[in-house]
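Asks: My file is entry-v2.cif. It has mmCIF, C-alpha atoms:
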```
data_coords
#
loop_
_atom_site.label_atom_id
_atom_site.label_comp_id
_atom_site.auth_asym_id
_atom_site.auth_seq_id
_atom_site.Cartn_x
_atom_site.Cartn_y
_atom_site.Cartn_z
CA MET A 857 9.60 22.45 36.93
CA SER A 858 12.37 23.76 34.70
CA CYS A 859 12.40 20.67 32.46
CA PHE A 860 8.82 19.36 32.33
CA LEU A 861 5.40 20.95 32.05
CA LEU A 862 3.42 20.13 35.19
CA PRO A 863 -0.23 19.07 34.72
CA LYS A 864 -2.73 21.82 35.51
CA GLY A 865 -4.46 19.55 38.00
CA LEU A 866 -1.24 19.11 39.96
CA CYS A 867 -0.58 22.88 40.00
CA ASN A 868 -4.14 23.54 41.16
CA HIS A 869 -3.81 20.92 43.90
CA MET A 870 -0.55 22.43 45.20
CA GLU A 871 -2.02 25.94 45.07
CA SER A 872 -5.05 24.68 46.97
CA MET A 873 -2.76 23.34 49.71
CA MET A 874 -0.89 26.64 49.83
CA SER A 875 -4.17 28.56 50.03
CA ARG A 876 -5.48 26.40 52.91
CA PHE A 877 -2.22 26.93 54.78
CA TRP A 878 -2.32 30.71 54.19
CA TRP A 879 -5.87 31.11 55.46
CA GLY A 880 -5.07 29.10 58.59
CA SER A 881 -6.87 25.83 57.97
CA ASN A 882 -6.05 22.55 59.68
CA MET A 883 -7.11 18.92 59.40
CA ASP A 884 -10.23 19.41 61.53
CA GLN A 885 -11.38 22.86 60.49
CA ARG A 886 -11.31 24.81 57.26
CA LYS A 887 -11.41 28.59 57.50
CA ILE A 888 -12.95 31.00 55.03
CA HIS A 889 -10.82 32.00 52.04
CA TRP A 890 -11.68 35.67 51.81
CA VAL A 891 -9.87 36.33 48.53
CA ASN A 892 -9.59 34.22 45.39
CA TRP A 893 -6.13 32.63 45.12
CA LYS A 894 -5.59 34.08 41.63
CA LYS A 895 -5.97 37.57 43.08
CA THR A 896 -3.34 36.92 45.75
CA CYS A 897 -0.97 35.75 42.99
CA LYS A 898 -1.18 39.11 41.23
CA GLN A 899 1.80 41.43 41.45
CA LYS A 900 1.73 43.82 44.40
CA LYS A 901 1.52 46.81 42.07
CA ALA A 902 -1.63 45.22 40.59
CA GLY A 903 -3.29 44.78 43.99
CA GLY A 904 -2.14 41.23 44.82
CA LEU A 905 0.21 39.73 47.41
CA GLY A 906 2.83 38.47 44.98
CA PHE A 907 2.33 34.74 45.66
CA ARG A 908 3.59 32.31 43.01
CA ASP A 909 1.23 31.30 40.24
CA LEU A 910 2.68 27.82 39.73
CA GLN A 911 1.48 27.37 36.14
CA ALA A 912 2.94 30.71 35.07
CA PHE A 913 6.18 30.04 36.97
CA ASN A 914 6.50 26.59 35.37
CA THR A 915 5.99 28.12 31.91
CA ALA A 916 8.56 30.86 32.57
CA LEU A 917 11.13 28.26 33.62
CA LEU A 918 10.55 26.22 30.45
CA ALA A 919 10.86 29.36 28.31
CA LYS A 920 14.35 29.76 29.75
CA GLN A 921 15.27 26.42 28.18
CA GLY A 922 13.98 27.67 24.83
CA TRP A 923 16.01 30.86 25.22
CA ARG A 924 19.16 28.77 25.73
CA LEU A 925 18.43 26.78 22.57
CA ILE A 926 18.32 30.07 20.63
CA THR A 927 21.29 31.85 22.21
CA GLU A 928 23.56 28.80 22.70
CA PRO A 929 23.10 26.82 19.45
CA THR A 930 26.46 25.03 19.79
CA SER A 931 25.64 23.46 23.17
CA LEU A 932 25.18 19.69 23.29
CA VAL A 933 21.47 19.83 24.13
CA ALA A 934 20.75 22.42 21.41
CA THR A 935 22.69 20.40 18.83
CA VAL A 936 20.82 17.17 19.63
CA LEU A 937 17.36 18.75 19.72
CA LYS A 938 17.97 20.67 16.49
CA ALA A 939 19.14 17.55 14.67
CA LYS A 940 16.04 15.66 15.80
CA TYR A 941 13.21 18.19 15.78
CA PHE A 942 14.11 21.22 13.61
CA PRO A 943 17.10 20.45 11.35
CA ASN A 944 16.00 22.85 8.61
CA SER A 945 14.58 25.73 10.65
CA GLN A 946 15.03 27.75 13.83
CA PHE A 947 13.64 26.98 17.28
CA LEU A 948 10.83 29.56 17.06
CA GLN A 949 9.57 27.95 13.83
CA ALA A 950 9.97 24.37 15.10
CA LYS A 951 6.94 22.09 15.39
CA GLN A 952 6.17 19.65 18.17
CA GLY A 953 6.25 16.66 15.84
CA HIS A 954 5.02 13.09 16.34
CA ARG A 955 6.26 10.86 19.14
CA SER A 956 8.46 13.62 20.52
CA SER A 957 9.87 13.42 24.03
CA PHE A 958 7.90 14.97 26.87
CA SER A 959 10.73 17.40 27.61
CA TRP A 960 10.59 18.72 24.02
CA GLN A 961 6.78 18.96 24.18
CA SER A 962 7.13 20.93 27.42
CA ILE A 963 9.62 23.40 25.94
CA GLN A 964 7.39 23.82 22.90
CA GLN A 965 4.40 24.64 25.12
CA ALA A 966 6.37 27.61 26.51
CA SER A 967 7.78 28.89 23.21
CA TRP A 968 4.82 31.29 22.81
CA ILE A 969 6.37 33.53 25.49
CA LEU A 970 9.52 34.06 23.43
CA LYS A 971 7.52 34.56 20.22
CA LYS A 972 5.47 37.27 21.89
CA GLY A 973 8.17 39.00 23.94
CA CYS A 974 11.29 38.79 21.72
CA PHE A 975 12.39 41.09 18.92
CA TRP A 976 15.02 40.49 16.22
CA PHE A 977 17.69 43.00 15.22
CA VAL A 978 18.77 42.44 11.62
CA GLY A 979 22.35 41.38 10.90
CA ASN A 980 22.83 39.06 7.92
CA GLY A 981 19.14 38.06 8.00
CA LYS A 982 19.82 34.32 7.95
CA SER A 983 18.10 33.54 11.26
CA ILE A 984 14.96 35.66 10.82
CA ASN A 985 11.80 34.33 9.23
CA ILE A 986 10.12 37.15 7.30
CA TRP A 987 6.53 36.13 7.98
CA GLU A 988 6.68 34.61 11.47
CA ASP A 989 9.32 36.47 13.49
CA ARG A 990 9.08 39.94 15.03
CA TRP A 991 11.69 42.10 13.30
CA ILE A 992 9.81 45.13 11.90
CA HIS A 993 7.49 46.35 14.67
CA GLN A 994 8.84 46.55 18.20
CA GLN A 995 5.35 46.86 19.71
CA LEU A 996 4.69 43.86 21.91
CA GLY A 997 3.02 40.96 20.11
CA ASN A 998 3.13 42.45 16.59
CA THR A 999 4.79 40.30 13.91
CA ILE A 1000 4.00 41.55 10.43
CA TRP A 1001 0.93 43.15 8.84
CA THR A 1002 1.48 42.07 5.25
CA THR A 1003 0.13 38.63 4.37
CA LYS A 1004 2.49 36.44 2.40
CA PRO A 1005 1.71 36.66 -1.36
CA ASP A 1006 0.73 33.32 -2.93
CA ASN A 1007 3.42 33.60 -5.62
CA SER A 1008 6.20 34.57 -3.20
CA ASN A 1009 9.06 32.22 -2.30
CA LEU A 1010 10.60 34.62 0.22
CA VAL A 1011 11.36 33.01 3.57
CA LYS A 1012 14.39 34.61 5.25
CA VAL A 1013 15.21 38.29 5.68
CA GLU A 1014 18.57 37.71 3.97
CA GLU A 1015 16.64 37.40 0.69
CA LEU A 1016 15.66 41.07 1.04
CA ILE A 1017 19.26 42.25 1.50
CA ASP A 1018 21.79 43.09 -1.18
CA LEU A 1019 24.84 41.63 0.58
CA GLN A 1020 27.37 43.16 -1.81
CA ASN A 1021 26.18 46.73 -1.30
CA ASN A 1022 24.89 46.11 2.24
CA SER A 1023 21.51 47.66 1.41
CA TRP A 1024 17.88 46.62 1.10
CA LYS A 1025 16.46 45.32 -2.19
CA GLU A 1026 13.82 48.02 -2.35
CA GLN A 1027 12.18 46.78 -5.55
CA ILE A 1028 11.49 43.32 -4.09
CA ILE A 1029 10.33 44.85 -0.80
CA ASN A 1030 7.89 47.22 -2.52
CA GLN A 1031 6.47 44.33 -4.57
CA ASN A 1032 5.79 42.08 -1.57
CA PHE A 1033 4.86 44.39 1.31
CA LEU A 1034 2.28 47.01 2.12
CA PRO A 1035 3.60 50.53 1.36
CA ILE A 1036 3.74 51.60 5.01
CA GLU A 1037 5.56 48.42 6.00
CA ALA A 1038 7.90 48.54 2.99
CA ALA A 1039 8.96 52.04 4.06
CA GLN A 1040 9.62 50.82 7.62
CA ILE A 1041 11.77 47.95 6.37
CA CYS A 1042 13.86 50.23 4.16
CA ASN A 1043 14.49 52.46 7.19
CA ILE A 1044 15.93 49.62 9.28
CA PRO A 1045 19.71 50.23 9.44
CA LEU A 1046 22.01 47.50 8.16
CA ILE A 1047 25.34 47.45 9.98
CA SER A 1048 27.21 44.59 8.36
CA SER A 1049 26.31 41.50 6.35
CA THR A 1050 28.93 39.53 8.28
CA GLU A 1051 27.22 39.97 11.66
CA GLU A 1052 24.63 37.48 12.85
CA ASP A 1053 21.08 38.46 13.72
CA ILE A 1054 20.52 39.35 17.37
CA ILE A 1055 17.44 38.33 19.33
CA SER A 1056 16.44 40.56 22.23
CA TRP A 1057 13.98 39.96 25.08
CA GLN A 1058 11.95 43.12 25.61
CA GLY A 1059 11.22 42.47 29.29
CA THR A 1060 14.74 43.38 30.49
CA LYS A 1061 17.08 46.31 29.92
CA ASP A 1062 19.93 44.17 28.60
CA GLY A 1063 17.68 42.12 26.31
CA ILE A 1064 18.49 38.81 28.03
CA TYR A 1065 15.58 36.61 29.08
CA THR A 1066 15.28 35.83 32.78
CA VAL A 1067 12.76 33.66 34.59
CA ARG A 1068 11.67 36.62 36.72
CA SER A 1069 10.98 38.84 33.69
CA GLY A 1070 9.20 36.00 31.89
CA TYR A 1071 7.00 35.29 34.89
CA ASN A 1072 6.14 38.97 35.31
CA ALA A 1073 5.36 39.23 31.58
CA ILE A 1074 2.90 36.32 31.77
CA LEU A 1075 1.09 37.91 34.73
CA GLU A 1076 0.96 41.30 33.01
CA TRP A 1077 -0.44 39.80 29.80
CA GLU A 1078 -3.06 37.84 31.76
CA ASN A 1079 -3.95 40.94 33.77
CA THR A 1080 -4.39 42.98 30.56
CA ILE A 1081 -6.68 40.33 29.07
CA ASN A 1082 -8.75 40.10 32.29
CA LYS A 1083 -9.13 43.88 32.42
CA GLN A 1084 -10.41 43.92 28.85
CA HIS A 1085 -13.00 41.26 29.69
CA GLN A 1086 -14.10 42.93 32.94
CA SER A 1087 -14.18 46.54 31.78
CA ASN A 1088 -17.57 46.15 30.10
CA ASN A 1089 -19.16 44.46 33.13
CA ASN A 1090 -17.51 46.45 35.91
CA PRO A 1091 -15.76 49.66 34.81
CA MET A 1092 -14.57 50.34 38.38
CA ASP A 1093 -12.12 47.44 38.20
CA ASP A 1094 -10.01 49.62 35.91
CA THR A 1095 -10.43 52.85 37.83
CA ASP A 1096 -7.68 55.42 37.58
CA TRP A 1097 -7.59 56.76 41.15
CA SER A 1098 -6.08 60.06 40.00
CA LYS A 1099 -9.49 60.99 38.59
CA ILE A 1100 -10.99 61.45 42.09
CA TRP A 1101 -11.92 65.11 42.50
CA ILE A 1102 -9.34 67.10 44.52
CA HIS A 1103 -9.08 65.49 48.00
CA GLN A 1104 -9.09 61.71 48.40
CA GLN A 1105 -9.10 61.86 52.20
CA ILE A 1106 -12.34 60.57 53.71
CA GLY A 1107 -14.87 63.28 54.47
CA ASN A 1108 -13.04 66.13 52.74
CA THR A 1109 -14.95 67.86 49.95
CA ILE A 1110 -13.46 71.26 49.18
CA TRP A 1111 -11.81 73.90 51.34
CA THR A 1112 -12.61 76.99 49.27
CA THR A 1113 -16.02 78.55 49.90
CA LYS A 1114 -17.98 79.47 46.80
CA PRO A 1115 -17.48 83.15 45.85
CA ASP A 1116 -20.70 85.18 45.82
CA ASN A 1117 -20.15 86.38 42.25
CA SER A 1118 -19.23 82.93 40.88
CA ASN A 1119 -21.49 81.07 38.45
CA LEU A 1120 -19.30 77.95 38.40
CA VAL A 1121 -21.26 74.75 39.07
CA LYS A 1122 -19.70 71.77 37.29
CA VAL A 1123 -16.05 70.76 37.02
CA GLU A 1124 -16.41 70.91 33.24
CA ASP A 1125 -16.61 74.70 33.66
CA LEU A 1126 -12.95 74.57 34.72
CA ILE A 1127 -11.75 72.46 31.75
CA ASP A 1128 -10.67 73.63 28.31
CA LEU A 1129 -12.22 70.74 26.37
CA GLN A 1130 -10.52 71.58 23.08
CA ASN A 1131 -7.01 71.47 24.55
CA ASN A 1132 -7.88 68.95 27.29
CA SER A 1133 -6.32 71.18 29.97
CA TRP A 1134 -7.38 73.16 33.03
CA LYS A 1135 -8.46 76.81 32.79
CA GLU A 1136 -5.79 77.98 35.22
CA GLN A 1137 -6.79 81.63 35.22
CA ILE A 1138 -10.38 80.85 36.29
CA ILE A 1139 -9.16 78.32 38.88
CA ASN A 1140 -6.73 80.80 40.43
CA GLN A 1141 -9.47 83.43 40.64
CA ASN A 1142 -11.96 81.18 42.43
CA PHE A 1143 -9.92 78.87 44.69
CA LEU A 1144 -7.45 79.13 47.53
CA PRO A 1145 -3.85 79.08 46.21
CA ILE A 1146 -3.03 75.68 47.74
CA GLU A 1147 -6.22 74.17 46.33
CA ALA A 1148 -5.81 75.84 42.92
CA ALA A 1149 -2.35 74.28 42.59
CA HIS A 1150 -3.78 70.91 43.63
CA ILE A 1151 -6.50 71.10 40.97
CA CYS A 1152 -4.09 72.02 38.19
CA ASN A 1153 -2.00 68.95 39.03
CA ILE A 1154 -4.91 66.54 38.54
CA PRO A 1155 -4.26 64.76 35.21
CA LEU A 1156 -6.92 64.94 32.52
CA ILE A 1157 -7.00 61.81 30.39
CA SER A 1158 -9.73 62.54 27.88
CA SER A 1159 -12.64 64.95 27.62
CA LYS A 1160 -14.67 62.11 26.04
CA GLU A 1161 -14.58 59.96 29.19
CA GLU A 1162 -17.35 60.28 31.74
CA ASP A 1163 -16.66 61.05 35.40
CA ILE A 1164 -16.32 57.98 37.63
CA ILE A 1165 -17.46 57.87 41.24
CA SER A 1166 -15.52 55.55 43.53
CA TRP A 1167 -16.22 54.10 46.98
CA GLN A 1168 -12.93 54.05 48.90
CA ARG A 1169 -13.56 51.27 51.42
CA SER A 1170 -16.10 48.66 52.60
CA GLY A 1171 -19.30 50.16 54.02
CA TYR A 1172 -19.42 48.21 57.29
CA ASN A 1173 -15.81 48.98 58.25
CA ALA A 1174 -16.26 52.62 57.25
CA ILE A 1175 -19.27 53.05 59.57
CA LEU A 1176 -17.38 51.54 62.52
CA GLU A 1177 -14.32 53.72 61.89
CA TRP A 1178 -16.39 56.90 61.60
CA GLU A 1179 -18.33 56.10 64.82
CA ASN A 1180 -15.08 55.34 66.62
CA THR A 1181 -13.55 58.63 65.44
CA THR A 1182 -16.62 60.59 66.62
CA ASN A 1183 -16.63 58.87 70.03
CA ASN A 1184 -12.91 59.52 70.48
CA GLN A 1185 -13.43 63.22 69.78
CA HIS A 1186 -16.19 63.43 72.42
CA GLN A 1187 -14.20 61.51 75.04
CA SER A 1188 -10.80 63.11 74.49
CA ASN A 1189 -11.64 66.20 76.56
CA ASN A 1190 -12.82 64.15 79.55
CA ASN A 1191 -10.22 61.39 79.49
CA PRO A 1192 -7.25 61.80 77.12
CA MET A 1193 -6.19 58.16 77.69
CA ASP A 1194 -9.34 56.96 75.93
CA ASP A 1195 -7.89 58.32 72.71
CA THR A 1196 -4.51 56.59 73.07
CA ASP A 1197 -3.07 55.27 69.84
CA TRP A 1198 -1.95 51.82 70.92
#
```
Translate the structure described by the file into structure tokens.
Replies:
Amino acid sequence: MSCFLLPKGLCNHMESMMSRFWWGSNMDQRKIHWVNWKKTCKQKKAGGLGFRDLQAFNTALLAKQGWRLITEPTSLVATVLKAKYFPNSQFLQAKQGHRSSFSWQSIQQASWILKKGCFWFVGNGKSINIWEDRWIHQQLGNTIWTTKPDNSNLVKVEELIDLQNNSWKEQIINQNFLPIEAAQICNIPLISSTEEDIISWQGTKDGIYTVRSGYNAILEWENTINKQHQSNNNPMDDTDWSKIWIHQQIGNTIWTTKPDNSNLVKVEDLIDLQNNSWKEQIINQNFLPIEAAHICNIPLISSKEEDIISWQRSGYNAILEWENTTNNQHQSNNNPMDDTDW
């Protein structure tokens, strides 16, 4: 998996076998798969079980090979591949080419991860492509806003640096870039023209790519894209549970009784919409101290967003649990053992 890109059909077949095993199937009987396999492969913090997504894992492993080609250019494999497939450019600008080996095609299929998640720190500028690499904006996925002028022959960042004075060529930069981007470039510090450019992976603290961080990045990017697609159809899939009003425990509404002289009705009466904050003085006057403190700790995201109502569990299970709780309360006085927590 670390050298060749596995066919999607093979990955799906293996995941299907894993799914049948997980849900307890056998040769004679197939049990119900209650949750889609893709959901179980989500990270635990995203509501999944953390099972391996084989396609994503395969891609993360191949991206590690690409990372080695960038960071270890003098190794035997990097030297051979560079001489054959990208003699006049860097790995991130290399093309797949015709009649290339399957191993090279596989590594190329995973190079998008490094292009999206890596950022260049400028040294001598010889390794950084002005128009294709990420070296100005550190925000994930952003390369450059300015489109390359038709009459421009600029390719490498070193062409924008005055090596003798170790400073930016501001006149050339202002002629070829948008004003806001030209200002950002001129603010990038130049340490020394003798140092090589440094590539950094943004998924780890030390800037070194790891298979784990690459795999997690793929899942996070896919999850972000899926949320964007689903938000219009089902807004509750992206619910922020901190928006639930005061007490999330089942059955609890509010402990404070309404004061006789209070005209408060809606929660919006407690919010300072201009400053997007709680009206603490009013809250402290109308609520119990413990509940007032609880309300003031509820985060307010935006006064433009509508309130969202959320159902906290499945209806059938909730009914059974509530009936069981009621029966236990009635029986506990007559026979305490009936209410034993096994």
Asks: Identify which of the residues A:Ile1110, A:Ala1038, A:Ile1055, A:Ile1164 lies closest to Ile1146 in chain A, counting only C-alpha atoms when measuring atom-to-atom distances.
Replies: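 Selected residue with least distance to Ile1146 in chain A: A:Ile1110.
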Asks: Measure the distance from CA of Asn1009 in chain A to CA of Ile1028 in chain A in Å and round it to one decimal.
Replies: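 Going from CA of Asn1009 in chain A over to CA of Ile1028 in chain A, I get 11.5 Å.
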Asks: Which polymer residues have any atom within 12 Å of an atom of range 1061-1076 of chain A, counting only C-alpha atoms, with same-chain residues fewer than 6 positions away left out, as a PDB file with C-alpha atoms, in the frame of the given file?
Replies:
```
ATOM      1  CA  MET A 857       9.600  22.450  36.930  1.00  0.00           C
ATOM      2  CA  SER A 858      12.370  23.760  34.700  1.00  0.00           C
ATOM      3  CA  LYS A 894      -5.590  34.080  41.630  1.00  0.00           C
ATOM      4  CA  LYS A 895      -5.970  37.570  43.080  1.00  0.00           C
ATOM      5  CA  THR A 896      -3.340  36.920  45.750  1.00  0.00           C
ATOM      6  CA  CYS A 897      -0.970  35.750  42.990  1.00  0.00           C
ATOM      7  CA  LYS A 898      -1.180  39.110  41.230  1.00  0.00           C
ATOM      8  CA  GLN A 899       1.800  41.430  41.450  1.00  0.00           C
ATOM      9  CA  LYS A 900       1.730  43.820  44.400  1.00  0.00           C
ATOM     10  CA  LYS A 901       1.520  46.810  42.070  1.00  0.00           C
ATOM     11  CA  ALA A 902      -1.630  45.220  40.590  1.00  0.00           C
ATOM     12  CA  GLY A 904      -2.140  41.230  44.820  1.00  0.00           C
ATOM     13  CA  GLY A 906       2.830  38.470  44.980  1.00  0.00           C
ATOM     14  CA  PHE A 907       2.330  34.740  45.660  1.00  0.00           C
ATOM     15  CA  ARG A 908       3.590  32.310  43.010  1.00  0.00           C
ATOM     16  CA  ASP A 909       1.230  31.300  40.240  1.00  0.00           C
ATOM     17  CA  LEU A 910       2.680  27.820  39.730  1.00  0.00           C
ATOM     18  CA  GLN A 911       1.480  27.370  36.140  1.00  0.00           C
ATOM     19  CA  ALA A 912       2.940  30.710  35.070  1.00  0.00           C
ATOM     20  CA  PHE A 913       6.180  30.040  36.970  1.00  0.00           C
ATOM     21  CA  ASN A 914       6.500  26.590  35.370  1.00  0.00           C
ATOM     22  CA  THR A 915       5.990  28.120  31.910  1.00  0.00           C
ATOM     23  CA  ALA A 916       8.560  30.860  32.570  1.00  0.00           C
ATOM     24  CA  LEU A 917      11.130  28.260  33.620  1.00  0.00           C
ATOM     25  CA  LEU A 918      10.550  26.220  30.450  1.00  0.00           C
ATOM     26  CA  ALA A 919      10.860  29.360  28.310  1.00  0.00           C
ATOM     27  CA  LYS A 920      14.350  29.760  29.750  1.00  0.00           C
ATOM     28  CA  GLN A 921      15.270  26.420  28.180  1.00  0.00           C
ATOM     29  CA  GLY A 922      13.980  27.670  24.830  1.00  0.00           C
ATOM     30  CA  TRP A 923      16.010  30.860  25.220  1.00  0.00           C
ATOM     31  CA  ARG A 924      19.160  28.770  25.730  1.00  0.00           C
ATOM     32  CA  ILE A 926      18.320  30.070  20.630  1.00  0.00           C
ATOM     33  CA  THR A 927      21.290  31.850  22.210  1.00  0.00           C
ATOM     34  CA  ALA A 966       6.370  27.610  26.510  1.00  0.00           C
ATOM     35  CA  SER A 967       7.780  28.890  23.210  1.00  0.00           C
ATOM     36  CA  TRP A 968       4.820  31.290  22.810  1.00  0.00           C
ATOM     37  CA  ILE A 969       6.370  33.530  25.490  1.00  0.00           C
ATOM     38  CA  LEU A 970       9.520  34.060  23.430  1.00  0.00           C
ATOM     39  CA  LYS A 971       7.520  34.560  20.220  1.00  0.00           C
ATOM     40  CA  LYS A 972       5.470  37.270  21.890  1.00  0.00           C
ATOM     41  CA  GLY A 973       8.170  39.000  23.940  1.00  0.00           C
ATOM     42  CA  CYS A 974      11.290  38.790  21.720  1.00  0.00           C
ATOM     43  CA  PHE A 975      12.390  41.090  18.920  1.00  0.00           C
ATOM     44  CA  TRP A 976      15.020  40.490  16.220  1.00  0.00           C
ATOM     45  CA  PHE A 977      17.690  43.000  15.220  1.00  0.00           C
ATOM     46  CA  LEU A 996       4.690  43.860  21.910  1.00  0.00           C
ATOM     47  CA  GLY A 997       3.020  40.960  20.110  1.00  0.00           C
ATOM     48  CA  ILE A1054      20.520  39.350  17.370  1.00  0.00           C
ATOM     49  CA  ILE A1055      17.440  38.330  19.330  1.00  0.00           C
ATOM     50  CA  ASN A1082      -8.750  40.100  32.290  1.00  0.00           C
ATOM     51  CA  LYS A1083      -9.130  43.880  32.420  1.00  0.00           C
TER      52      LYS A1083
END
```
Asks: Quick one, how far is CA of Asn944 in chain A from CA of Ile984 in chain A?
Replies: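 Separation of CA of Asn944 in chain A and CA of Ile984 in chain A: 13.0 Å.
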Asks: Step by step, work through what the PyMOL selection byres ((chain A and resi 1050) around 12) selects in the shown file, and finish by giving those residues as a list of chain:residue names.
Replies: A:Val978, A:Gly979, A:Asn980, A:Gly981, A:Lys982, A:Glu1014, A:Leu1019, A:Gln1020, A:Asn1022, A:Leu1046, A:Ile1047, A:Ser1048, A:Ser1049, A:Glu1051, A:Glu1052, A:Asp1053
Asks: Just want the 9 Å neighbourhood of Lys1114 in chain A, counted on all atoms listed in the file, with same-chain residues fewer than 5 positions away dropped. Output as a list in words.
Replies: Leu1120, Asn1142 and Phe1143 of chain A
Asks: Let me have the centre and edge lengths of the axis-aligned box enclosing all listed atoms of range 962-970 of chain A with 4 Å padding on every side, in Å to one decimal, as lines of an AutoDock Vina configuration file.
Replies:
```
center_x = 7.0
center_y = 27.5
center_z = 25.1
size_x = 13.2
size_y = 21.1
size_z = 12.6
```
Asks: Can you work out which one of A:Gln995, A:Asn1117, A:Asn892, A:Thr1002 has the shortest atom-to-atom distance to Ser875 in chain A, counting all atoms listed in the file?
Replies: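 The shortest atom-to-atom distance to Ser875 in chain A comes from A:Asn892.
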Asks: A:Asp1125, A:Glu1026, A:Glu928, A:Glu1136: which is nearest Ile1154 in chain A, counting all atoms listed in the file?
Replies: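 Distance minimum relative to Ile1154 in chain A lands on A:Glu1136.
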Asks: Show which residues sit within 8 Å of Ser962 in chain A, as a CSV table (one decimal) with C-alpha atoms, in the coordinates of the input. Count all atoms listed in the file, and ignore same-chain residues fewer than 3 positions away.
Replies:
```csv
chain,number,residue,atom,x,y,z
A,859,CYS,CA,12.4,20.7,32.5
A,860,PHE,CA,8.8,19.4,32.3
A,861,LEU,CA,5.4,21.0,32.0
A,918,LEU,CA,10.6,26.2,30.4
A,958,PHE,CA,7.9,15.0,26.9
A,959,SER,CA,10.7,17.4,27.6
A,965,GLN,CA,4.4,24.6,25.1
A,966,ALA,CA,6.4,27.6,26.5
```
Asks: When you count only C-alpha atoms, which of these residues is closest to Trp987 in chain A: A:Trp890, A:Trp1077, A:Phe947, A:Phe1033?
Replies: A:Phe1033
Asks: Run the PyMOL selection byres ((chain A and resi 938) around 12) on the file and write out the hits as a tab-separated table (two decimals) with C-alpha atoms, in the coordinates of the input.
Replies:
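Contents of part-v1.tsv, as written:
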```tsv
chain	number	residue	atom	x	y	z
A	922	GLY	CA	13.98	27.67	24.83
A	925	LEU	CA	18.43	26.78	22.57
A	926	ILE	CA	18.32	30.07	20.63
A	928	GLU	CA	23.56	28.80	22.70
A	929	PRO	CA	23.10	26.82	19.45
A	930	THR	CA	26.46	25.03	19.79
A	931	SER	CA	25.64	23.46	23.17
A	932	LEU	CA	25.18	19.69	23.29
A	933	VAL	CA	21.47	19.83	24.13
A	934	ALA	CA	20.75	22.42	21.41
A	935	THR	CA	22.69	20.40	18.83
A	936	VAL	CA	20.82	17.17	19.63
A	937	LEU	CA	17.36	18.75	19.72
A	939	ALA	CA	19.14	17.55	14.67
A	940	LYS	CA	16.04	15.66	15.80
A	941	TYR	CA	13.21	18.19	15.78
A	942	PHE	CA	14.11	21.22	13.61
A	943	PRO	CA	17.10	20.45	11.35
A	944	ASN	CA	16.00	22.85	8.61
A	945	SER	CA	14.58	25.73	10.65
A	946	GLN	CA	15.03	27.75	13.83
A	947	PHE	CA	13.64	26.98	17.28
A	948	LEU	CA	10.83	29.56	17.06
A	949	GLN	CA	9.57	27.95	13.83
A	950	ALA	CA	9.97	24.37	15.10
A	951	LYS	CA	6.94	22.09	15.39
A	952	GLN	CA	6.17	19.65	18.17
A	960	TRP	CA	10.59	18.72	24.02
```
Asks: To one decimal place in Å, what is the distance between CA of Asn1030 in chain A and CA of Gln994 in chain A?
Replies: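 So the two atoms, CA of Asn1030 in chain A and CA of Gln994 in chain A, lie 20.8 Å apart.
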Asks: If the PyMOL selection byres ((chain A and resi 1151) around 10) is run on the structure shown, which residues does it catch, given as a list in words?
Replies: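 Checking the PyMOL selection byres ((chain A and resi 1151) around 10) against this file, the residues are Trp1101, Ile1102, His1103, Leu1126, Trp1134, Glu1136, Ile1139, Asn1140, Phe1143, Pro1145, Ile1146, Glu1147, Ala1148, Ala1149, His1150, Cys1152, Asn1153, Ile1154 and Pro1155 of chain A.
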Asks: Can I get the selected residues back with C-alpha atoms, as a CSV table (one decimal), in the coordinates of the input?
Replies:
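Saved as out.csv:
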```
chain,number,residue,atom,x,y,z
A,1101,TRP,CA,-11.9,65.1,42.5
A,1102,ILE,CA,-9.3,67.1,44.5
A,1103,HIS,CA,-9.1,65.5,48.0
A,1126,LEU,CA,-13.0,74.6,34.7
A,1134,TRP,CA,-7.4,73.2,33.0
A,1136,GLU,CA,-5.8,78.0,35.2
A,1139,ILE,CA,-9.2,78.3,38.9
A,1140,ASN,CA,-6.7,80.8,40.4
A,1143,PHE,CA,-9.9,78.9,44.7
A,1145,PRO,CA,-3.8,79.1,46.2
A,1146,ILE,CA,-3.0,75.7,47.7
A,1147,GLU,CA,-6.2,74.2,46.3
A,1148,ALA,CA,-5.8,75.8,42.9
A,1149,ALA,CA,-2.4,74.3,42.6
A,1150,HIS,CA,-3.8,70.9,43.6
A,1152,CYS,CA,-4.1,72.0,38.2
A,1153,ASN,CA,-2.0,69.0,39.0
A,1154,ILE,CA,-4.9,66.5,38.5
A,1155,PRO,CA,-4.3,64.8,35.2
```
Asks: Between A:Leu905, A:Asn1132, A:Ala1174, A:Leu1144, which one has atoms that come closest to Leu1156 in chain A, using only C-alpha atoms?
Replies: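 Residue with the minimum atom-to-atom distance to Leu1156 in chain A: A:Asn1132.
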Asks: Find the spatial neighbours of Trp879 in chain A, counting all atoms listed in the file, within a cut-off of 8 Å - ignore same-chain residues fewer than 5 positions away - and output them as a PyMOL selection string.
Replies: chain A and resi 887-889
Asks: With all atoms listed in the file as the atoms that count, which of A:Gln1031, A:Asn1079, A:Gln1084, A:Ser1023 lies nearest to Ser1008 in chain A?
Replies: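 Comparing A:Gln1031, A:Asn1079, A:Gln1084, A:Ser1023 against Ser1008 in chain A, the winner is A:Gln1031.
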